[in-house]
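> Sharing a structure with you now.
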Amino acid sequence: MATVTRKIGLSLGADICWPICYENILEHLKLAVPWQGDTVGIEVERVTIEPFDLRQPCKYDVVLDRLTHWYHTSREWIKKSIVMDGLYVLNNPWAVQSMEKHTSYAAMMHLGMPIPETWMVPPKAYDVTPDHAPTLKKYAKLFDLGTVGNRIGYPLFMKPYDGGGWRAVSRIGDEATLRKKYEESGKTVMHLQAAVNPFDSFVRCIGLGPQTHLVKYDPDAPLHDRYTQATNFVSEDEATLLRDTCLTINAFFGWDFNSCESLRKDGTWYPIDFANPCPDSQVTSLHRHFPWMVKANLKWSIFCAVTKKPFRKNLDWEPFYKIAAERDRPYREKLSAYAAVAAERFETARFEAFCATHLAHLDEVAWEFFGTQTAKSAFRDKVTALYPKHEVEQFTELFWNRVQAWRADERGAKVGA
Ligand SMILES: Nc1ncnc2c1ncn2[C@@H]1O[C@H](COP(=O)(O)OP(=O)(O)OP(=O)(O)O)[C@@H](O)[C@H]1O
Ligand SMILES: [Mg+2]
C-alpha cells in the first residue's frame with residue numbers, strides 16, 4: 001500500500017476569491033483517501049504560463065481551467081496535456097473553442113428543447129479581403145431585414161452568434177429600431193431571436209459535473225443582486241426539468257462546468273442561453289450561492305483526481321441523436337433519457353457514493369471555513385478589485401452577511417433535520 005499524491009492545477013485569469021477558498025478548504029480536509037490499495041492525498045497548485053516542450057510530461061491529474069477561452073498558450077498546453085499525458089480538464093477545450101452559442105441552439109433544438117425562434121443574418125460590414133467583393137456579388141442575396149423581423153415578431157433580441165458577457169445584446173421593439181441596430185452592428189455576425197415575452201420567472205441552473213444548483217435570476221437588478229436570494233421558486237417537477245436540461249447540455253458539449261438560463265412563459269421553460277462554459281464564479285455575483293460553487297468544484301475535482309476519471313476525448317453525440325429520433329416519444333421522456341446518458345458520463349451514482357464515503361466531512365469543513373477571517377479577506381480582495389475605494393467595506397459586508405445568512409440557514413436545516 002503506497003501513499004500517493006494527485007495534483008490539481010488551477011489555470012486562472014482574474015479569479016481572486018474562489019481559488020483562495022478552494023485551496024484553504026482543501027488543506028483543512030486533510031485528505032488521505034484509501035483508493036485501490038493506495039492512500040491518496042491531493043495537492044493543489046496554480047498553473048503558471050511559460051514555454052513548454054510538447055513532449056514534456058504534465059504534472060497534473062486534473063486542471064480547473066478559467067483562462068483558455070481567451071489565453072491561447074494555456075489552451076494549447078491543456079490540449080497537448082489531454083492528448084499526450086492523460087489530463088482531465090474542466091472544460092473540454094475543443095468544445096469551448098468551437099461550440100458557439102449558435103451550435104448549442106441548433107443542437108438543442110434538434111433534441112427537442114423549446115428554444116425560441118432564432119435566425120442568423122449576414123453581418124452589415126466585412127474586413128475587406130480580395131475574395132470578399134466577388135464572393136458577395138455572386139452569392140450574397142439581398143435581403144429585407146424588416147421581413148425577417150416580421151417573421152420573428154417583436155420584441156426580439158439581437159445578439160452575437162458567439163455571445164457572452166452581455167456584449168452587443170439589444171432588445172428590439174420595432175422595425176425602425178431593428179434597422180438602426182443592424183446598421184450599428186458592424187462586422188459582428190448576429191442572431192435575431194424571438195423574445196420570451198412576458199416571462200414570469202428566470203432561472204439559472206449551474207451544473208458542475210453531476211451536481212446542479214438553481215438560482216432565480218433578475219436581469220434588471222444591479223450586478224450584485226442579479227443572482228437573487230430567493231428559495232423555493234419552482235416546483236419539484238420544474239426543478240427536475242431544469243436540472244435535466246442543464247445536465248443534457250453539459251454532457252453533450254463536454255462542459256463539466258456550465259450554466260443554463262431559462263425563462264418561463266405560460267408554464268413552458270424556454271432555454272435562451274446555455275453556452276457559458278466559464279460561468280461567473282465570483283462572490284461579488286454569487287454571494288450566498290458562492291459556497292455551493294466552491295464545494296461543488298472541490299467535490300467534482302477531487303473525485304476526478306482520486307479516481308483518475310478518464311477524460312472523454314470524443315464528444316460522441318450518437319446516443320443523444322438516437323433518442324431524439326424516437327418520433328413518438330414525448331419530449332419529457334426523451335429529456336429523462338438524455339439525462340440518463342449524462343448521468344452515465346458524469347458517473348453520478350459512483351460520484352455520490354464517493355462523496356458519502358470519502359468526503360463526508362467536506363460540508364462541515366467548508367461551513368466552518370466560510371465563517372473565518374480568511375474567507376472574509378478573500379471576499380474583500382475581490383471587492384477591492386471591482387469596486388471604488390469608498391464602497392469596499394460596504395460591499396464586503398454585504399457579501400459576507402449573505403454568506404453568513406447561508407451558514408445560518410444550513411445550520412438551521414441540520415438542527416431541524
Ligand atoms: N430570447 C430572449 N427572451 C428574453 N430575454 C432574452 C432573450 N435573449 C436574451 N435575453 C436577455 O438578454 C440577456 C443577455 O442575453 P444572453 O444571455 O443570450 O447573452 P450573453 O452575452 O450570453 O449574456 P451572459 O454572458 O450574461 O450570459 C439575458 O440574460 C436575458 O435577460
Ligand atoms: Mg446569458
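By order in the C-alpha cells, chains are A, B, ...; within a chain, residues start at 1; ligands start at 1, following the order shown.
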Tell me which protein, DNA and RNA residues are within 12 Å of A:Leu87, counting only C-alpha atoms, leaving out same-chain ones fewer than 5 positions away, and put them as a ChimeraX atom specification.

/A:6-9,57-65,77-82,92-93,304-305,308-313

> Got a sec to tell me which of stretch 163-235 of chain A DSSP assigns to strand (DSSP E or B), as a VMD selection string?

chain A and resid 170 to 172 190 to 194 201 to 208 211 to 217 227

> Could you check the closest approach to A:Phe257 for each of A:Asn314, A:Asn297, A:Thr348, A:Gln282 and tell me which residue wins, using only C-alpha atoms?

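Counting only C-alpha atoms, the residue closest to A:Phe257 is A:Asn297.
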
> Counting only C-alpha atoms and all ligand atoms, what are the residues, protein, DNA or RNA alike, that approach ligand 2 to within 7 Å? I want them as a PDB file with C-alpha atoms, in the first residue's frame.


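That gives us out.pdb:
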```
ATOM      1  CA  GLY A 164     -21.005  36.092 -23.865  1.00  0.00           C
ATOM      2  CA  GLY A 165     -20.799  38.750 -21.179  1.00  0.00           C
ATOM      3  CA  TRP A 166     -23.906  40.553 -22.449  1.00  0.00           C
ATOM      4  CA  GLU A 261     -30.531  30.268 -18.483  1.00  0.00           C
ATOM      5  CA  ASP A 273     -28.525  30.969 -23.232  1.00  0.00           C
TER       6      ASP A 273
END
```

> Stretch 359-368 of chain A: which residues within 7 Å, counting only C-alpha atoms, same-chain residues fewer than 3 positions away excluded, as an MDAnalysis selection string?

chainID A and resid 25 28:29 355:356 371 407

> Please save C-alpha atoms of the selected residues as a PDB file, in the first residue's frame.


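File written: part_36.pdb
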```
ATOM      1  CA  ILE A  25     -10.815  24.136   2.353  1.00  0.00           C
ATOM      2  CA  HIS A  28      -8.397  21.645   6.004  1.00  0.00           C
ATOM      3  CA  LEU A  29      -9.844  18.448   4.551  1.00  0.00           C
ATOM      4  CA  CYS A 355     -18.628  11.760  -1.644  1.00  0.00           C
ATOM      5  CA  ALA A 356     -20.593   9.869   1.021  1.00  0.00           C
ATOM      6  CA  GLY A 371     -17.134  31.840   8.841  1.00  0.00           C
ATOM      7  CA  ARG A 407     -24.464  29.433   7.041  1.00  0.00           C
TER       8      ARG A 407
END
```

> Each residue of chain A with at least one atom at most 7 Å from ligand 1 should appear once, together with its nearest atom pair and the corresponding distance in Å (one decimal); atoms considered: only C-alpha atoms and all ligand atoms; ordering: chain, then increasing residue number; output as JSON lines.


```
{"residue": "A:Pro116", "atom": "CA", "partner": "ligand 1", "partner_atom_place_in_ligand_line": "1 (N)", "distance": 6.1}
{"residue": "A:Leu156", "atom": "CA", "partner": "ligand 1", "partner_atom_place_in_ligand_line": "1 (N)", "distance": 6.8}
{"residue": "A:Phe157", "atom": "CA", "partner": "ligand 1", "partner_atom_place_in_ligand_line": "8 (N)", "distance": 5.6}
{"residue": "A:Lys159", "atom": "CA", "partner": "ligand 1", "partner_atom_place_in_ligand_line": "18 (O)", "distance": 6.7}
{"residue": "A:Gly163", "atom": "CA", "partner": "ligand 1", "partner_atom_place_in_ligand_line": "21 (O)", "distance": 4.6}
{"residue": "A:Gly164", "atom": "CA", "partner": "ligand 1", "partner_atom_place_in_ligand_line": "21 (O)", "distance": 3.4}
{"residue": "A:Gly165", "atom": "CA", "partner": "ligand 1", "partner_atom_place_in_ligand_line": "25 (O)", "distance": 3.2}
{"residue": "A:Trp166", "atom": "CA", "partner": "ligand 1", "partner_atom_place_in_ligand_line": "21 (O)", "distance": 3.1}
{"residue": "A:Arg167", "atom": "CA", "partner": "ligand 1", "partner_atom_place_in_ligand_line": "21 (O)", "distance": 5.1}
{"residue": "A:Val169", "atom": "CA", "partner": "ligand 1", "partner_atom_place_in_ligand_line": "14 (C)", "distance": 6.0}
{"residue": "A:Gln193", "atom": "CA", "partner": "ligand 1", "partner_atom_place_in_ligand_line": "1 (N)", "distance": 5.3}
{"residue": "A:Ala194", "atom": "CA", "partner": "ligand 1", "partner_atom_place_in_ligand_line": "1 (N)", "distance": 5.2}
{"residue": "A:Ala195", "atom": "CA", "partner": "ligand 1", "partner_atom_place_in_ligand_line": "3 (N)", "distance": 3.5}
{"residue": "A:Val196", "atom": "CA", "partner": "ligand 1", "partner_atom_place_in_ligand_line": "3 (N)", "distance": 3.9}
{"residue": "A:Asn197", "atom": "CA", "partner": "ligand 1", "partner_atom_place_in_ligand_line": "4 (C)", "distance": 6.3}
{"residue": "A:Pro219", "atom": "CA", "partner": "ligand 1", "partner_atom_place_in_ligand_line": "31 (O)", "distance": 4.9}
{"residue": "A:Ile272", "atom": "CA", "partner": "ligand 1", "partner_atom_place_in_ligand_line": "1 (N)", "distance": 5.5}
{"residue": "A:Asp273", "atom": "CA", "partner": "ligand 1", "partner_atom_place_in_ligand_line": "18 (O)", "distance": 4.7}
{"residue": "A:Asn276", "atom": "CA", "partner": "ligand 1", "partner_atom_place_in_ligand_line": "27 (O)", "distance": 6.5}
```

> Go ahead and write the selection's residues with C-alpha atoms as a PDB file, in the first residue's frame.


```
ATOM      1  CA  PRO A 116     -37.256  30.500 -29.164  1.00  0.00           C
ATOM      2  CA  LEU A 156     -36.897  40.313 -30.395  1.00  0.00           C
ATOM      3  CA  PHE A 157     -33.269  40.137 -29.260  1.00  0.00           C
ATOM      4  CA  LYS A 159     -27.173  39.266 -30.077  1.00  0.00           C
ATOM      5  CA  GLY A 163     -22.117  35.818 -27.436  1.00  0.00           C
ATOM      6  CA  GLY A 164     -21.005  36.092 -23.865  1.00  0.00           C
ATOM      7  CA  GLY A 165     -20.799  38.750 -21.179  1.00  0.00           C
ATOM      8  CA  TRP A 166     -23.906  40.553 -22.449  1.00  0.00           C
ATOM      9  CA  ARG A 167     -21.811  42.035 -25.284  1.00  0.00           C
ATOM     10  CA  VAL A 169     -27.181  42.374 -26.839  1.00  0.00           C
ATOM     11  CA  GLN A 193     -34.175  35.714 -31.508  1.00  0.00           C
ATOM     12  CA  ALA A 194     -37.821  35.936 -30.513  1.00  0.00           C
ATOM     13  CA  ALA A 195     -38.146  37.343 -27.015  1.00  0.00           C
ATOM     14  CA  VAL A 196     -39.754  35.181 -24.369  1.00  0.00           C
ATOM     15  CA  ASN A 197     -42.206  37.918 -23.514  1.00  0.00           C
ATOM     16  CA  PRO A 219     -31.674  40.538 -15.235  1.00  0.00           C
ATOM     17  CA  ILE A 272     -32.246  31.045 -24.055  1.00  0.00           C
ATOM     18  CA  ASP A 273     -28.525  30.969 -23.232  1.00  0.00           C
ATOM     19  CA  ASN A 276     -21.477  29.628 -20.758  1.00  0.00           C
TER      20      ASN A 276
END
```

> Using DSSP on the backbone coordinates, identify the residues of stretch 155-404 of chain A assigned to helix (DSSP H, G or I); present them as a PyMOL selection string.

chain A and resi 175-184+223-226+236-253+283-307+318-324+331-345+348-358+362-369+373-386+389-404

> Could you tell me which of A:Gly112, A:Pro271, A:Pro198, A:Gly209 comes closest to A:Phe320 if we count only C-alpha atoms?

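Using only C-alpha atoms, A:Phe320 sits closest to A:Gly112.
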
> List the neighbours of A:Leu315 out to 10 Å using only C-alpha atoms; skip same-chain residues closer than 6 positions along the sequence, and give me the result as an MDAnalysis selection string.

chainID A and resid 92 94:95 251:254

> Would you save the residues from that selection as a compact mmCIF listing (two decimals), in the first residue's frame, using C-alpha atoms?


```
# COMPACT_ATOMS: atom_id res chain seq x y z
CA ASN A 92 -13.20 20.33 -22.83
CA TRP A 94 -12.06 21.98 -28.11
CA ALA A 95 -15.74 22.27 -27.20
CA ALA A 251 -22.81 16.19 -21.13
CA PHE A 252 -23.50 16.82 -24.83
CA PHE A 253 -20.81 19.50 -25.11
CA GLY A 254 -18.27 18.15 -22.63
```

> Name the residues in contact with stretch 141-154 of chain A at a cut-off of 8 Å, using only C-alpha atoms, excluding same-chain residues fewer than 5 positions from it; report them as a compact mmCIF listing (two decimals) with N, CA and C atoms, in the first residue's frame.


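The resulting selection_0.txt:
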```txt
# COMPACT_ATOMS: atom_id res chain seq x y z
N GLU A 117 -37.65 30.93 -31.52
CA GLU A 117 -37.25 31.04 -32.94
C GLU A 117 -36.02 31.94 -33.07
N THR A 118 -35.02 31.44 -33.79
CA THR A 118 -33.74 32.16 -33.89
C THR A 118 -33.27 32.17 -35.34
N ILE A 172 -35.21 44.63 -29.04
CA ILE A 172 -35.68 45.48 -30.13
C ILE A 172 -37.20 45.39 -30.21
N GLY A 173 -37.85 46.56 -30.19
CA GLY A 173 -39.31 46.58 -30.10
C GLY A 173 -40.01 46.81 -31.43
N ASP A 174 -39.29 47.29 -32.44
CA ASP A 174 -39.97 47.57 -33.72
C ASP A 174 -38.97 47.57 -34.88
N GLU A 175 -39.54 47.67 -36.09
CA GLU A 175 -38.71 47.53 -37.29
C GLU A 175 -37.68 48.65 -37.42
N LEU A 178 -34.84 47.88 -35.26
CA LEU A 178 -34.09 46.74 -35.82
C LEU A 178 -33.13 47.23 -36.90
N ARG A 179 -33.62 48.06 -37.79
CA ARG A 179 -32.77 48.58 -38.88
C ARG A 179 -31.61 49.40 -38.32
N LEU A 192 -30.99 36.94 -34.55
CA LEU A 192 -32.22 37.62 -34.13
C LEU A 192 -33.07 36.53 -33.48
N GLN A 193 -33.46 36.77 -32.25
CA GLN A 193 -34.17 35.71 -31.51
C GLN A 193 -35.47 36.27 -30.91
N ALA A 194 -36.54 35.52 -31.11
CA ALA A 194 -37.82 35.94 -30.51
C ALA A 194 -37.67 36.08 -29.01
N ALA A 195 -38.21 37.16 -28.47
CA ALA A 195 -38.15 37.34 -27.01
C ALA A 195 -39.16 36.42 -26.35
```

> Please indicate the distance in Å from atom CA of A:Gln97 to atom CA of A:Arg75, rounded to one decimal place.

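Calculated distance between atom CA of A:Gln97 and atom CA of A:Arg75 is 9.2 Å.
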
> Between A:Ala385, A:Val47, A:Ala340, A:Val89, which residue has the minimum interatomic distance to A:Pro19, considering only C-alpha atoms?

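Looking only at the distances to A:Pro19, the closest residue turns out to be A:Val47.
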
> Using only C-alpha atoms, determine which residues lie at most 8 Å from A:Thr188, disregarding the query and same-chain residues fewer than 4 positions distant; provide the list as a list in words.

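Those residues are Pro123, Lys124, Ala125 and Pro160 of chain A.
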
> Write the residues you've just listed into a file as a short mmCIF file (atom, residue, chain, number, x, y, z; two decimals), in the first residue's frame, and include N, CA and C atoms for each of them.


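The resulting part-v2.cif:
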```cif
data_model
loop_
_atom_site.label_atom_id
_atom_site.label_comp_id
_atom_site.auth_asym_id
_atom_site.auth_seq_id
_atom_site.Cartn_x
_atom_site.Cartn_y
_atom_site.Cartn_z
N PRO A 123 -23.45 39.63 -41.66
CA PRO A 123 -23.10 40.89 -40.99
C PRO A 123 -23.26 42.11 -41.90
N LYS A 124 -23.37 43.25 -41.27
CA LYS A 124 -23.53 44.51 -42.00
C LYS A 124 -22.23 44.89 -42.72
N ALA A 125 -21.09 44.63 -42.07
CA ALA A 125 -19.80 45.06 -42.63
C ALA A 125 -18.81 43.90 -42.61
N PRO A 160 -24.88 38.60 -30.57
CA PRO A 160 -23.85 37.90 -31.36
C PRO A 160 -24.04 36.38 -31.30
#
```

> Leaving out A:Thr245 and any residue of its chain fewer than 2 positions from it, which residues lie within 10 Å of it when counting only C-alpha atoms, given as a list in words?

Met108, Met113, Cys205, Ala239, Thr240, Leu241, Leu242, Arg243, Leu247, Thr248, Ile249, Asn250, Cys260, Ser262, Pro271, Phe274, Leu335, Ser336, Tyr338 and Ala339 of chain A

> Counting only C-alpha atoms, which of A:Asp85, A:Glu236, A:Phe399, A:Thr307 gets nearest to A:Ile42?

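Distance minimum relative to A:Ile42 lands on A:Thr307.
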